[in-house]
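Printed here is structure.tsv (TSV, C-alpha atoms):
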chain	number	residue	atom	x	y	z
A	25	MET	CA	-124.00	3.20	185.29
A	26	SER	CA	-127.16	2.30	183.42
A	27	ALA	CA	-125.65	-0.43	181.26
A	28	SER	CA	-124.31	-2.56	184.06
A	29	GLN	CA	-123.86	-2.43	187.79
A	30	SER	CA	-120.92	-4.79	187.76
A	31	VAL	CA	-118.49	-3.49	185.13
A	32	LYS	CA	-114.85	-4.23	186.01
A	33	LYS	CA	-113.19	-0.83	185.96
A	34	ILE	CA	-109.84	-1.93	187.36
A	35	ILE	CA	-107.90	-3.87	184.73
A	36	GLU	CA	-105.16	-6.29	185.76
A	37	ILE	CA	-102.31	-5.68	183.31
A	38	ASN	CA	-99.98	-8.15	185.04
A	39	PRO	CA	-99.57	-9.41	188.64
A	40	TYR	CA	-97.81	-6.22	189.78
A	41	MET	CA	-99.48	-3.55	187.63
A	42	LEU	CA	-103.06	-2.24	187.47
A	43	GLY	CA	-104.87	0.14	185.12
A	44	THR	CA	-108.14	2.00	185.75
A	45	MET	CA	-110.92	2.48	183.20
A	46	ALA	CA	-112.62	5.80	182.47
A	47	GLY	CA	-113.93	7.05	179.14
A	48	GLY	CA	-114.60	4.44	176.46
A	49	ALA	CA	-114.76	0.91	177.87
A	50	ALA	CA	-113.65	-0.81	174.66
A	51	ASP	CA	-110.72	1.57	174.19
A	52	CYS	CA	-109.54	1.08	177.77
A	53	GLN	CA	-109.91	-2.72	177.74
A	54	PHE	CA	-108.16	-3.14	174.39
A	55	TRP	CA	-105.24	-0.81	174.98
A	56	HIS	CA	-104.61	-2.06	178.52
A	57	ARG	CA	-104.45	-5.62	177.23
A	58	ASN	CA	-102.16	-4.43	174.45
A	59	LEU	CA	-99.96	-2.77	177.11
A	60	GLY	CA	-99.85	-6.09	178.99
A	61	VAL	CA	-98.55	-7.78	175.84
A	62	LYS	CA	-95.87	-5.12	175.34
A	63	CYS	CA	-94.77	-5.42	179.00
A	64	ARG	CA	-94.38	-9.20	178.65
A	65	LEU	CA	-92.37	-8.80	175.44
A	66	HIS	CA	-90.12	-6.32	177.29
A	67	GLU	CA	-89.56	-8.91	180.05
A	68	LEU	CA	-88.58	-11.55	177.51
A	69	ALA	CA	-86.27	-9.21	175.56
A	70	ASN	CA	-84.55	-7.62	178.58
A	71	LYS	CA	-84.77	-10.45	181.21
A	72	ARG	CA	-86.29	-8.07	183.77
A	73	ARG	CA	-89.63	-6.53	184.59
A	74	ILE	CA	-90.62	-3.24	182.97
A	75	SER	CA	-90.75	-0.17	185.23
A	76	VAL	CA	-94.03	1.70	185.82
A	77	THR	CA	-92.42	4.72	184.14
A	78	GLY	CA	-91.68	2.64	181.07
A	79	ALA	CA	-95.11	0.98	180.92
A	80	SER	CA	-96.99	4.27	181.26
A	81	LYS	CA	-94.79	5.83	178.57
A	82	LEU	CA	-95.52	2.92	176.19
A	83	LEU	CA	-99.27	3.50	176.63
A	84	ALA	CA	-99.00	7.30	176.41
A	85	ASN	CA	-97.01	7.09	173.15
A	86	ILE	CA	-99.61	4.78	171.57
A	87	LEU	CA	-102.47	7.04	172.61
A	88	TYR	CA	-100.60	10.12	171.33
A	89	SER	CA	-100.20	8.51	167.92
A	90	TYR	CA	-104.02	8.11	167.75
A	91	ARG	CA	-104.64	11.68	168.87
A	92	GLY	CA	-107.63	13.32	167.16
A	93	MET	CA	-109.06	9.99	165.96
A	94	GLY	CA	-111.67	9.77	168.69
A	95	LEU	CA	-110.19	7.38	171.25
A	96	SER	CA	-111.52	8.11	174.74
A	97	VAL	CA	-109.23	6.90	177.51
A	98	GLY	CA	-108.66	8.37	180.98
A	99	THR	CA	-106.54	5.96	182.95
A	100	MET	CA	-104.19	5.62	185.89
A	101	ILE	CA	-101.31	3.12	185.75
A	102	ALA	CA	-100.37	1.91	189.22
A	103	GLY	CA	-97.56	-0.54	189.88
A	104	TRP	CA	-94.49	-1.50	191.87
A	105	ASP	CA	-90.96	-1.64	190.41
A	106	GLU	CA	-87.34	-1.40	191.63
A	107	LYS	CA	-87.83	2.26	192.56
A	108	GLY	CA	-90.86	1.44	194.71
A	109	PRO	CA	-94.51	2.37	194.07
A	110	GLY	CA	-95.36	4.30	190.91
A	111	LEU	CA	-98.55	6.10	189.84
A	112	TYR	CA	-99.11	7.76	186.48
A	113	TYR	CA	-102.14	9.44	184.89
A	114	VAL	CA	-102.42	8.84	181.11
A	115	ASP	CA	-105.17	10.05	178.75
A	116	SER	CA	-106.18	9.91	175.11
A	117	GLU	CA	-105.25	13.57	174.56
A	118	GLY	CA	-101.66	12.38	174.96
A	119	GLY	CA	-101.16	13.63	178.52
A	120	ARG	CA	-98.99	11.72	181.01
A	121	LEU	CA	-98.42	12.85	184.60
A	122	LYS	CA	-96.59	11.33	187.54
A	123	GLY	CA	-98.21	11.92	190.92
A	124	THR	CA	-99.08	10.70	194.41
A	125	ARG	CA	-102.84	10.94	194.06
A	126	PHE	CA	-105.28	11.24	191.15
A	127	SER	CA	-108.98	10.98	190.45
A	128	VAL	CA	-110.36	10.40	186.93
A	129	GLY	CA	-113.79	10.39	185.29
A	130	SER	CA	-117.05	12.36	185.39
A	131	GLY	CA	-117.30	11.89	189.17
A	132	SER	CA	-113.68	12.92	189.78
A	133	PRO	CA	-114.37	16.44	191.16
A	134	TYR	CA	-116.46	14.93	193.96
A	135	ALA	CA	-113.86	12.27	194.69
A	136	TYR	CA	-111.07	14.88	194.77
A	137	GLY	CA	-112.88	16.82	197.50
A	138	VAL	CA	-112.92	13.83	199.83
A	139	LEU	CA	-109.49	12.54	198.76
A	140	ASP	CA	-107.64	15.84	199.18
A	141	SER	CA	-109.12	16.65	202.57
A	142	GLY	CA	-108.40	13.21	204.06
A	143	TYR	CA	-105.00	12.40	202.52
A	144	ARG	CA	-101.77	12.12	204.54
A	145	TYR	CA	-98.50	10.69	203.16
A	146	ASP	CA	-98.05	8.43	206.22
A	147	MET	CA	-101.47	6.72	206.21
A	148	SER	CA	-101.77	3.01	206.96
A	149	VAL	CA	-103.10	0.65	204.27
A	150	GLU	CA	-106.50	0.31	206.03
A	151	GLU	CA	-106.86	4.10	206.38
A	152	ALA	CA	-105.94	4.65	202.74
A	153	ALA	CA	-108.39	1.96	201.56
A	154	GLU	CA	-111.20	3.50	203.60
A	155	LEU	CA	-110.38	7.00	202.24
A	156	ALA	CA	-110.47	5.67	198.68
A	157	ARG	CA	-113.74	3.85	199.33
A	158	ARG	CA	-115.34	6.99	200.78
A	159	ALA	CA	-114.08	9.12	197.87
A	160	ILE	CA	-115.65	6.72	195.35
A	161	TYR	CA	-118.87	6.52	197.38
A	162	HIS	CA	-119.23	10.33	197.47
A	163	ALA	CA	-118.66	10.51	193.72
A	164	THR	CA	-121.40	7.93	193.10
A	165	PHE	CA	-123.79	9.87	195.35
A	166	ARG	CA	-123.44	13.20	193.53
A	167	ASP	CA	-122.59	12.16	189.96
A	168	GLY	CA	-125.38	10.58	187.93
A	169	ALA	CA	-122.95	8.72	185.69
A	170	SER	CA	-121.13	6.97	188.54
A	171	GLY	CA	-122.37	4.06	190.61
A	172	GLY	CA	-122.42	0.32	191.22
A	173	VAL	CA	-119.47	-1.20	193.05
A	174	ALA	CA	-116.54	0.48	194.83
A	175	SER	CA	-113.52	-1.79	194.24
A	176	VAL	CA	-110.36	-1.20	196.27
A	177	TYR	CA	-107.00	-2.77	195.37
A	178	HIS	CA	-103.63	-2.50	197.12
A	179	VAL	CA	-100.33	-2.51	195.19
A	180	GLY	CA	-97.32	-3.68	197.22
A	181	PRO	CA	-93.80	-5.07	196.66
A	182	ASN	CA	-95.23	-8.51	195.88
A	183	GLY	CA	-97.87	-7.24	193.45
A	184	TRP	CA	-101.52	-6.25	193.79
A	185	THR	CA	-104.29	-7.73	195.94
A	186	LYS	CA	-108.00	-6.95	195.90
A	187	LEU	CA	-109.02	-5.56	199.28
A	188	SER	CA	-112.78	-5.07	198.85
A	189	GLY	CA	-115.67	-4.68	196.42
A	190	ASP	CA	-118.61	-2.99	198.13
A	191	ASP	CA	-121.97	-2.15	196.59
A	192	VAL	CA	-122.32	1.64	196.98
A	193	GLY	CA	-126.06	1.29	197.64
A	194	GLU	CA	-125.19	-0.56	200.85
A	195	LEU	CA	-122.25	1.76	201.64
A	196	HIS	CA	-124.66	4.71	201.77
A	197	TYR	CA	-126.74	3.21	204.56
A	198	LYS	CA	-123.57	2.06	206.38
A	199	TYR	CA	-122.15	5.61	206.41
A	200	TYR	CA	-125.53	7.35	206.92
A	201	PRO	CA	-127.87	4.96	208.73
A	202	VAL	CA	-131.57	5.78	208.70
A	203	GLU	CA	-132.55	6.91	212.18
A	204	ALA	CA	-135.95	6.01	213.52
A	205	GLU	CA	-138.03	9.19	213.61
A	206	VAL	CA	-139.29	10.35	216.98
A	207	VAL	CA	-143.03	9.82	216.88
A	208	GLU	CA	-144.72	13.05	217.92
A	209	GLN	CA	-148.31	11.93	217.94
A	210	GLU	CA	-149.56	8.41	217.61
A	211	MET	CA	-153.12	7.24	217.15
A	212	ALA	CA	-154.05	4.18	219.12
A	213	GLU	CA	-157.18	2.07	219.44
A	214	LEU	CA	-159.19	2.79	222.59
A	215	PRO	CA	-159.62	-0.25	224.80
A	216	VAL	CA	-163.11	-1.74	224.37
A	217	THR	CA	-165.10	-1.58	227.62
B	18	MET	CA	-129.41	16.69	176.62
B	19	SER	CA	-133.07	17.62	176.10
B	20	ILE	CA	-134.75	20.22	178.32
B	21	PHE	CA	-137.06	17.51	179.68
B	22	GLU	CA	-134.00	15.63	180.98
B	23	TYR	CA	-132.32	18.61	182.64
B	24	ASN	CA	-133.53	17.89	186.17
B	25	GLY	CA	-134.52	14.19	185.97
B	26	CYS	CA	-137.72	12.61	187.28
B	27	ALA	CA	-139.64	9.34	187.50
B	28	LEU	CA	-143.40	9.26	188.10
B	29	VAL	CA	-145.91	6.42	188.16
B	30	ALA	CA	-149.57	6.06	189.20
B	31	MET	CA	-151.51	2.80	189.52
B	32	VAL	CA	-155.14	1.86	190.09
B	33	GLY	CA	-156.18	-0.70	192.69
B	34	LYS	CA	-159.45	-1.92	194.22
B	35	ASN	CA	-161.23	1.28	195.32
B	36	CYS	CA	-157.83	2.95	195.77
B	37	PHE	CA	-154.90	4.35	193.84
B	38	ALA	CA	-151.18	4.84	194.42
B	39	ILE	CA	-148.93	7.57	193.02
B	40	ALA	CA	-145.14	7.45	193.37
B	41	SER	CA	-142.11	9.52	192.41
B	42	ASP	CA	-138.36	9.55	192.85
B	43	ARG	CA	-136.72	12.20	195.09
B	44	ARG	CA	-133.78	13.51	193.04
B	45	LEU	CA	-133.26	17.06	191.87
B	46	GLY	CA	-130.26	17.32	189.58
B	47	VAL	CA	-128.60	19.73	187.20
B	48	GLN	CA	-127.73	17.39	184.32
B	49	LEU	CA	-125.43	14.80	185.89
B	50	GLN	CA	-124.87	16.53	189.23
B	51	THR	CA	-127.28	15.71	192.07
B	52	ILE	CA	-128.36	18.78	194.02
B	53	ALA	CA	-131.06	17.46	196.37
B	54	THR	CA	-132.36	14.07	197.46
B	55	ASP	CA	-135.64	15.23	199.04
B	56	PHE	CA	-137.29	17.12	196.20
B	57	GLN	CA	-141.09	16.97	196.09
B	58	LYS	CA	-142.73	16.12	192.78
B	59	ILE	CA	-146.19	14.95	193.90
B	60	TYR	CA	-148.57	17.60	195.19
B	61	LYS	CA	-151.95	17.30	196.92
B	62	ILE	CA	-154.78	19.30	195.37
B	63	HIS	CA	-157.38	17.98	197.82
B	64	GLU	CA	-157.77	14.88	200.00
B	65	LYS	CA	-158.72	12.68	197.05
B	66	LEU	CA	-156.73	14.31	194.21
B	67	PHE	CA	-152.97	14.29	193.65
B	68	ILE	CA	-150.86	15.53	190.77
B	69	GLY	CA	-147.26	14.60	189.97
B	70	LEU	CA	-145.27	16.87	187.66
B	71	SER	CA	-142.22	15.61	185.78
B	72	GLY	CA	-139.85	17.48	183.49
B	73	LEU	CA	-138.24	20.86	184.11
B	74	ALA	CA	-138.48	21.50	187.86
B	75	THR	CA	-139.04	25.26	187.62
B	76	ASP	CA	-141.98	24.78	185.23
B	77	ALA	CA	-143.37	22.04	187.49
B	78	GLN	CA	-143.33	24.36	190.50
B	79	THR	CA	-144.87	27.29	188.59
B	80	LEU	CA	-147.54	25.10	187.04
B	81	TYR	CA	-148.40	23.67	190.47
B	82	GLN	CA	-148.77	27.19	191.91
B	83	ARG	CA	-151.14	28.18	189.07
B	84	LEU	CA	-153.20	24.99	189.53
B	85	VAL	CA	-153.55	25.50	193.28
B	86	PHE	CA	-154.72	29.06	192.59
B	87	ARG	CA	-157.36	27.88	190.10
B	88	HIS	CA	-158.56	25.09	192.38
B	89	LYS	CA	-158.92	27.42	195.39
B	90	LEU	CA	-161.06	29.79	193.32
B	91	TYR	CA	-163.16	26.82	192.13
B	92	GLU	CA	-163.65	25.68	195.75
B	93	LEU	CA	-164.78	29.16	196.79
B	94	ARG	CA	-167.29	29.45	193.94
B	95	GLU	CA	-168.64	25.87	193.83
B	96	GLU	CA	-168.31	25.12	197.57
B	97	ARG	CA	-166.97	21.66	196.80
B	98	ASP	CA	-163.79	19.88	195.67
B	99	MET	CA	-163.04	19.45	191.97
B	100	LYS	CA	-163.64	16.05	190.41
B	101	PRO	CA	-160.48	14.44	188.99
B	102	GLU	CA	-161.89	14.40	185.44
B	103	THR	CA	-162.62	18.13	185.64
B	104	PHE	CA	-159.17	18.82	187.07
B	105	ALA	CA	-157.55	16.89	184.24
B	106	SER	CA	-159.41	19.06	181.73
B	107	LEU	CA	-158.25	22.17	183.62
B	108	VAL	CA	-154.61	21.04	183.43
B	109	SER	CA	-154.98	20.22	179.74
B	110	ALA	CA	-156.44	23.67	179.02
B	111	LEU	CA	-153.71	25.47	180.97
B	112	LEU	CA	-151.01	23.56	179.09
B	113	TYR	CA	-152.56	24.21	175.65
B	114	GLU	CA	-152.76	27.96	176.41
B	115	LYS	CA	-148.98	27.88	176.12
B	116	ARG	CA	-149.05	25.85	172.89
B	117	PHE	CA	-146.28	27.90	171.17
B	118	GLY	CA	-144.11	28.38	174.26
B	119	PRO	CA	-145.02	25.40	176.45
B	120	TYR	CA	-144.35	24.41	180.04
B	121	PHE	CA	-141.73	21.64	179.84
B	122	CYS	CA	-143.73	19.34	182.12
B	123	GLN	CA	-145.50	16.05	181.84
B	124	PRO	CA	-148.20	15.72	184.52
B	125	VAL	CA	-149.58	12.53	186.08
B	126	ILE	CA	-152.99	13.01	187.71
B	127	ALA	CA	-154.55	10.52	190.13
B	128	GLY	CA	-157.74	10.88	192.13
B	129	LEU	CA	-160.94	9.30	193.48
B	130	GLY	CA	-164.00	10.52	191.55
B	131	ASP	CA	-167.72	9.96	191.98
B	132	GLU	CA	-168.49	7.07	194.34
B	133	ASP	CA	-164.74	6.91	195.06
B	134	LYS	CA	-163.94	5.37	191.68
B	135	PRO	CA	-160.15	5.65	191.02
B	136	PHE	CA	-159.11	7.88	188.11
B	137	ILE	CA	-155.64	8.25	186.60
B	138	CYS	CA	-154.37	10.04	183.53
B	139	THR	CA	-151.23	11.55	182.06
B	140	MET	CA	-150.62	14.27	179.48
B	141	ASP	CA	-147.87	15.46	177.22
B	142	SER	CA	-146.42	18.94	177.62
B	143	ILE	CA	-149.12	20.59	175.49
B	144	GLY	CA	-152.12	18.96	177.13
B	145	ALA	CA	-152.96	15.80	175.18
B	146	LYS	CA	-154.83	13.67	177.74
B	147	GLU	CA	-154.17	9.97	177.95
B	148	LEU	CA	-156.62	8.09	180.18
B	149	ALA	CA	-155.75	4.63	181.43
B	150	LYS	CA	-157.46	1.97	183.49
B	151	ASP	CA	-154.32	0.40	184.94
B	152	PHE	CA	-151.23	2.59	185.20
B	153	VAL	CA	-149.59	5.72	183.80
B	154	VAL	CA	-145.90	6.71	183.81
B	155	ALA	CA	-143.85	9.84	183.09
B	156	GLY	CA	-140.30	11.16	183.30
B	157	THR	CA	-136.78	10.20	182.27
B	158	ALA	CA	-137.25	6.59	183.43
B	159	SER	CA	-140.58	6.17	181.60
B	160	GLU	CA	-139.42	3.41	179.26
B	161	SER	CA	-138.18	1.23	182.12
B	162	LEU	CA	-141.33	2.09	184.08
B	163	TYR	CA	-143.59	0.92	181.24
B	164	GLY	CA	-141.84	-2.44	181.18
B	165	ALA	CA	-141.85	-2.87	184.96
B	166	CYS	CA	-145.52	-1.85	185.35
B	167	GLU	CA	-146.68	-4.00	182.42
B	168	SER	CA	-145.16	-7.09	183.98
B	169	MET	CA	-145.93	-6.41	187.66
B	170	PHE	CA	-149.45	-4.97	187.43
B	171	LYS	CA	-152.57	-6.95	188.32
B	172	PRO	CA	-156.10	-5.47	188.37
B	173	ASP	CA	-158.02	-4.97	191.66
B	174	MET	CA	-155.09	-5.05	194.08
B	175	GLU	CA	-155.68	-4.15	197.73
B	176	PRO	CA	-153.82	-1.08	199.12
B	177	GLU	CA	-150.97	-3.07	200.75
B	178	GLU	CA	-150.27	-5.14	197.65
B	179	LEU	CA	-150.60	-2.05	195.44
B	180	PHE	CA	-147.99	-0.28	197.58
B	181	GLU	CA	-145.55	-3.19	197.21
B	182	THR	CA	-146.09	-3.40	193.46
B	183	ILE	CA	-145.72	0.30	192.71
B	184	SER	CA	-142.64	0.54	194.96
B	185	GLN	CA	-140.87	-2.36	193.27
B	186	ALA	CA	-141.74	-1.04	189.81
B	187	LEU	CA	-140.39	2.41	190.70
B	188	LEU	CA	-137.17	1.26	192.39
B	189	SER	CA	-136.18	-1.23	189.71
B	190	SER	CA	-136.86	1.30	186.92
B	191	VAL	CA	-134.93	4.21	188.44
B	192	ASP	CA	-131.91	1.95	189.01
B	193	ARG	CA	-131.57	1.81	185.22
B	194	ASP	CA	-131.77	5.60	184.82
B	195	CYS	CA	-128.88	7.80	185.89
B	196	LEU	CA	-131.05	10.93	186.14
B	197	SER	CA	-133.69	9.70	188.60
B	198	GLY	CA	-133.78	7.81	191.87
B	199	TRP	CA	-131.99	8.61	195.12
B	200	GLY	CA	-135.02	7.37	197.11
B	201	GLY	CA	-138.76	7.11	196.50
B	202	HIS	CA	-141.97	8.80	197.66
B	203	VAL	CA	-145.26	6.85	197.56
B	204	TYR	CA	-148.83	7.96	198.35
B	205	VAL	CA	-151.55	5.29	198.66
B	206	VAL	CA	-155.05	6.79	198.75
B	207	THR	CA	-158.26	5.00	199.76
B	208	PRO	CA	-161.70	6.55	200.43
B	209	THR	CA	-160.89	6.73	204.15
B	210	GLU	CA	-157.16	7.44	204.44
B	211	VAL	CA	-154.00	8.66	202.73
B	212	THR	CA	-150.71	6.88	203.50
B	213	GLU	CA	-147.44	8.60	202.63
B	214	ARG	CA	-144.25	6.54	202.68
B	215	ILE	CA	-140.58	7.20	201.86
B	216	LEU	CA	-138.73	4.37	200.09
B	217	LYS	CA	-135.16	3.39	200.87
B	218	GLY	CA	-133.41	3.09	197.51
B	219	ARG	CA	-129.96	3.09	195.93
B	220	MET	CA	-128.32	6.47	196.37
B	221	ASP	CA	-126.10	6.33	193.31
Spit out the file's structure as C-alpha cells when you get a sec.
Amino acid sequence: MSASQSVKKIIEINPYMLGTMAGGAADCQFWHRNLGVKCRLHELANKRRISVTGASKLLANILYSYRGMGLSVGTMIAGWDEKGPGLYYVDSEGGRLKGTRFSVGSGSPYAYGVLDSGYRYDMSVEEAAELARRAIYHATFRDGASGGVASVYHVGPNGWTKLSGDDVGELHYKYYPVEAEVVEQEMAELPVT
Amino acid sequence: MSIFEYNGCALVAMVGKNCFAIASDRRLGVQLQTIATDFQKIYKIHEKLFIGLSGLATDAQTLYQRLVFRHKLYELREERDMKPETFASLVSALLYEKRFGPYFCQPVIAGLGDEDKPFICTMDSIGAKELAKDFVVAGTASESLYGACESMFKPDMEPEELFETISQALLSSVDRDCLSGWGGHVYVVTPTEVTERILKGRMD
C-alpha cells in the first residue's frame, strides 16, 4: 500500500480471462503474461479457446516446477469457457483449487468474514459486485498492508467488463458517514447593549 | 518488525506565532491488524503543556501515568504548573533511569513557557533531548513527516494557518505509512485557548 495507491492488481490475461495479483508483483505480472502467451498458442494449435481448467493447470504446473526457489504468487484465475464460469485458486507453493468463492492476500481473513456472511448462490450481478466491494473495503480498513482502490470486474459469456474502481478512502465515508455531533453547550457572544 | 513498530504511531509538533500545534494519528494496531481507530496518543499535563508518546502503546500509557504522578506532586509542592523546559528534563531523567531496560517510547513535548513563548522538543527512548525552533516529529511515519514538515513549514504562522499546515503534513505522511493513520487528532494551543480537532483521513 505504501509504494503506490494505484497498482493494478487485476491482470487481464485475455478478453475472457482474468488473474488477480497477491504476493510478489513482478512474479504475478510476469507469469500471468506468460500464461496469456501459452493460452494464445493453445488457441492457434487447437483452433479453439483454452478452458479455465486448462489455463489454471498450465500456471500451476509452472509454479510447481519453481517450488522452493522463492517465487511468491497467490492468484485466482477467473474465466468463462464452454462449461460456463470457472474460478481457480493457484499459488506458488504449487496448490490449485477449484471453488465458488475465494479471498487471497494479507487482508483475506477480513474479506472472508464479509464474503461468507453475505454470499448466496443466486445473487444478482449488482448484489455480487457490492458484496465484493464491501469485502475489499473491510479488508483495507483492518489490514495495514491493504488499501488504495477497490476494483470490481464481471466475467460473463462474452468476456470480462470492469464494473467499478472506487477509492476506499471515499468508500469509508460513503458506508459510514460522519454524523454531526449534537452540541451540548455552545458559547455565544452576548449582544452589545 | 522492530518493537517500536509494533503498534504504529505518527506524531508531529510545530511552533507558530505565540502558539503551537501538536498532532497525532489515531490508529492502534497489532502489527498489520488495526484494533482501534480512536486511540489517544497526546496527553495534557496542564493547560499549556502537552506530551505525545509514540512507540509501544503499553509503555506510552505507563510512562504517561508516571509523568502525571510526578507533575501532580510538583504542583502540590511548588503551588504552580511546571515549565515545559523543566518537564522535558523530568521526562529525560525518567527515561535514562531505565537506560539498560528502556521504555520503548519516543516522546514529543510541546508547551508555552515563560511569557507564553512556545517550546517544543523530542527525545529518543533513553532520554536524549532534541530541541527545535520549528518542528519535531516521531513515530513510524517520521521520515515522511520530516519531508512534509520541511517543505510546508513557515515561521510565525497564525493559529489557523498553523492548523492547516500541520494537518496537511500529518495526513500526507501517514498515507505513505501502513502502520499509522486512520484519522488525525490536532491540538492548537494559544495563550488564551486550546482547540482540539479530529481530522477526517483515509481509513485504509
Give me, as a PyMOL selection string, all polymer residues having an atom no more than 8 Å from segment 32-49 of chain B, counting all atoms listed in the file and skipping those fewer than 4 positions away in the same chain.
(chain A and resi 167-169) or (chain B and resi 18+22-28+53-59+67+69+74+127-129+133-137+150-152+172-176+179-180+183-184+187+191+195-208)
From the list A:Val61, A:Leu121, A:Leu111, A:Ala159, which residue is nearest Ala84 of chain A when using all atoms listed in the file?
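The answer is A:Leu121, which sits nearest to Ala84 of chain A.
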Find the residues in chain A near chain B: any atom within 7 Å counts, using all atoms listed in the file. Write them as a list of chain:residue names.
A:Met25, A:Ser26, A:Thr164, A:Phe165, A:Arg166, A:Asp167, A:Gly168, A:Ala169, A:Ser170, A:Gly171, A:Gly193, A:His196
Using all atoms of segment 48-52 of chain B listed in the file and a margin of 8 Å per side, can you give the axis-aligned box centre and edge lengths in Å to one decimal, as AutoDock Vina command-line options?
--center_x -126.6 --center_y 16.8 --center_z 189.2 --size_x 19.5 --size_y 20.0 --size_z 25.7
Write out as number ranges by chain which residues come within 7 Å of Ser175 of chain A when counting all atoms listed in the file, dropping same-chain ones fewer than 4 positions away.
A: 188-190
Write out as a PyMOL selection string the residues lying within 9 Å of Thr124 of chain A, counting only C-alpha atoms and excluding same-chain residues fewer than 4 positions away.
chain A and resi 110-112+145
Measuring atom to atom with all atoms listed in the file, identify which of A:Leu42, A:Gly94, A:Trp104, A:Arg64 is nearest to Asn182 of chain A.
A:Trp104
Point-to-point distance in Å for atom CA of Tyr136 of chain A and atom CA of Arg158 of chain A:
10.8 Å
Of the residues A:Glu106, A:Glu36, A:Glu151, A:Glu203, which is the one nearest to Arg73 of chain A, using all atoms listed in the file?
A:Glu106
Nearest to Cys52 of chain A, restricted to all atoms listed in the file and choosing among A:Tyr143, A:Ser96, A:Lys81, A:Ser89, comes out as A:Ser96
Using all atoms listed in the file: which of A:Ala46, A:Arg57, A:Ser127, A:Gly118 has the shortest distance to Gly98 of chain A:
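So, comparing all the options, the nearest one is A:Ala46.
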Which residues are close to Tyr40 of chain A, i.e. within 12 Å by only C-alpha atoms, leaving aside same-chain residues fewer than 2 positions away? Reply as a CSV table (one decimal) with C-alpha atoms, keeping the file's coordinate frame.
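Final file, around_27.csv:
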chain,number,residue,atom,x,y,z
A,35,ILE,CA,-107.9,-3.9,184.7
A,36,GLU,CA,-105.2,-6.3,185.8
A,37,ILE,CA,-102.3,-5.7,183.3
A,38,ASN,CA,-100.0,-8.2,185.0
A,42,LEU,CA,-103.1,-2.2,187.5
A,43,GLY,CA,-104.9,0.1,185.1
A,60,GLY,CA,-99.8,-6.1,179.0
A,63,CYS,CA,-94.8,-5.4,179.0
A,73,ARG,CA,-89.6,-6.5,184.6
A,74,ILE,CA,-90.6,-3.2,183.0
A,75,SER,CA,-90.8,-0.2,185.2
A,76,VAL,CA,-94.0,1.7,185.8
A,79,ALA,CA,-95.1,1.0,180.9
A,101,ILE,CA,-101.3,3.1,185.8
A,102,ALA,CA,-100.4,1.9,189.2
A,103,GLY,CA,-97.6,-0.5,189.9
A,104,TRP,CA,-94.5,-1.5,191.9
A,105,ASP,CA,-91.0,-1.6,190.4
A,106,GLU,CA,-87.3,-1.4,191.6
A,108,GLY,CA,-90.9,1.4,194.7
A,109,PRO,CA,-94.5,2.4,194.1
A,110,GLY,CA,-95.4,4.3,190.9
A,177,TYR,CA,-107.0,-2.8,195.4
A,178,HIS,CA,-103.6,-2.5,197.1
A,179,VAL,CA,-100.3,-2.5,195.2
A,180,GLY,CA,-97.3,-3.7,197.2
A,181,PRO,CA,-93.8,-5.1,196.7
A,182,ASN,CA,-95.2,-8.5,195.9
A,183,GLY,CA,-97.9,-7.2,193.4
A,184,TRP,CA,-101.5,-6.2,193.8
A,185,THR,CA,-104.3,-7.7,195.9
A,186,LYS,CA,-108.0,-7.0,195.9
When you count only C-alpha atoms, which of these residues is closest to Val31 of chain A: A:Leu155, A:Leu139, A:Ala174, A:Ala163?
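Distance minimum relative to Val31 of chain A lands on A:Ala174.
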Between atom CA of Glu181 of chain B and atom CA of Thr209 of chain B - distance in Å to one decimal
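Separating atom CA of Thr209 of chain B from atom CA of Glu181 of chain B is a distance of 19.5 Å.
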One-decimal distance in Å that lies between atom CA of Ser168 of chain B and atom CA of Asp141 of chain B
23.7 Å
Neighbours of point (-152.8, 9.3, 185.9) within 6 Å, using all atoms listed in the file, written as a list in words:
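The answer, in the requested form, is Ala30, Val125, Ile126, Ala127, Ile137, Cys138, Thr139 and Val153 of chain B.
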I'd like the neighbourhood of Gly119 of chain A as a list in words, where a residue qualifies if any of its atoms comes within 12 Å (using all atoms listed in the file), though same-chain residues fewer than 5 positions away should be ignored.
Ser80, Lys81, Leu83, Ala84, Asn85, Ile86, Leu87, Tyr88, Ser89, Arg91, Val97, Gly98, Thr99, Met100, Tyr112, Tyr113 and Val114 of chain A
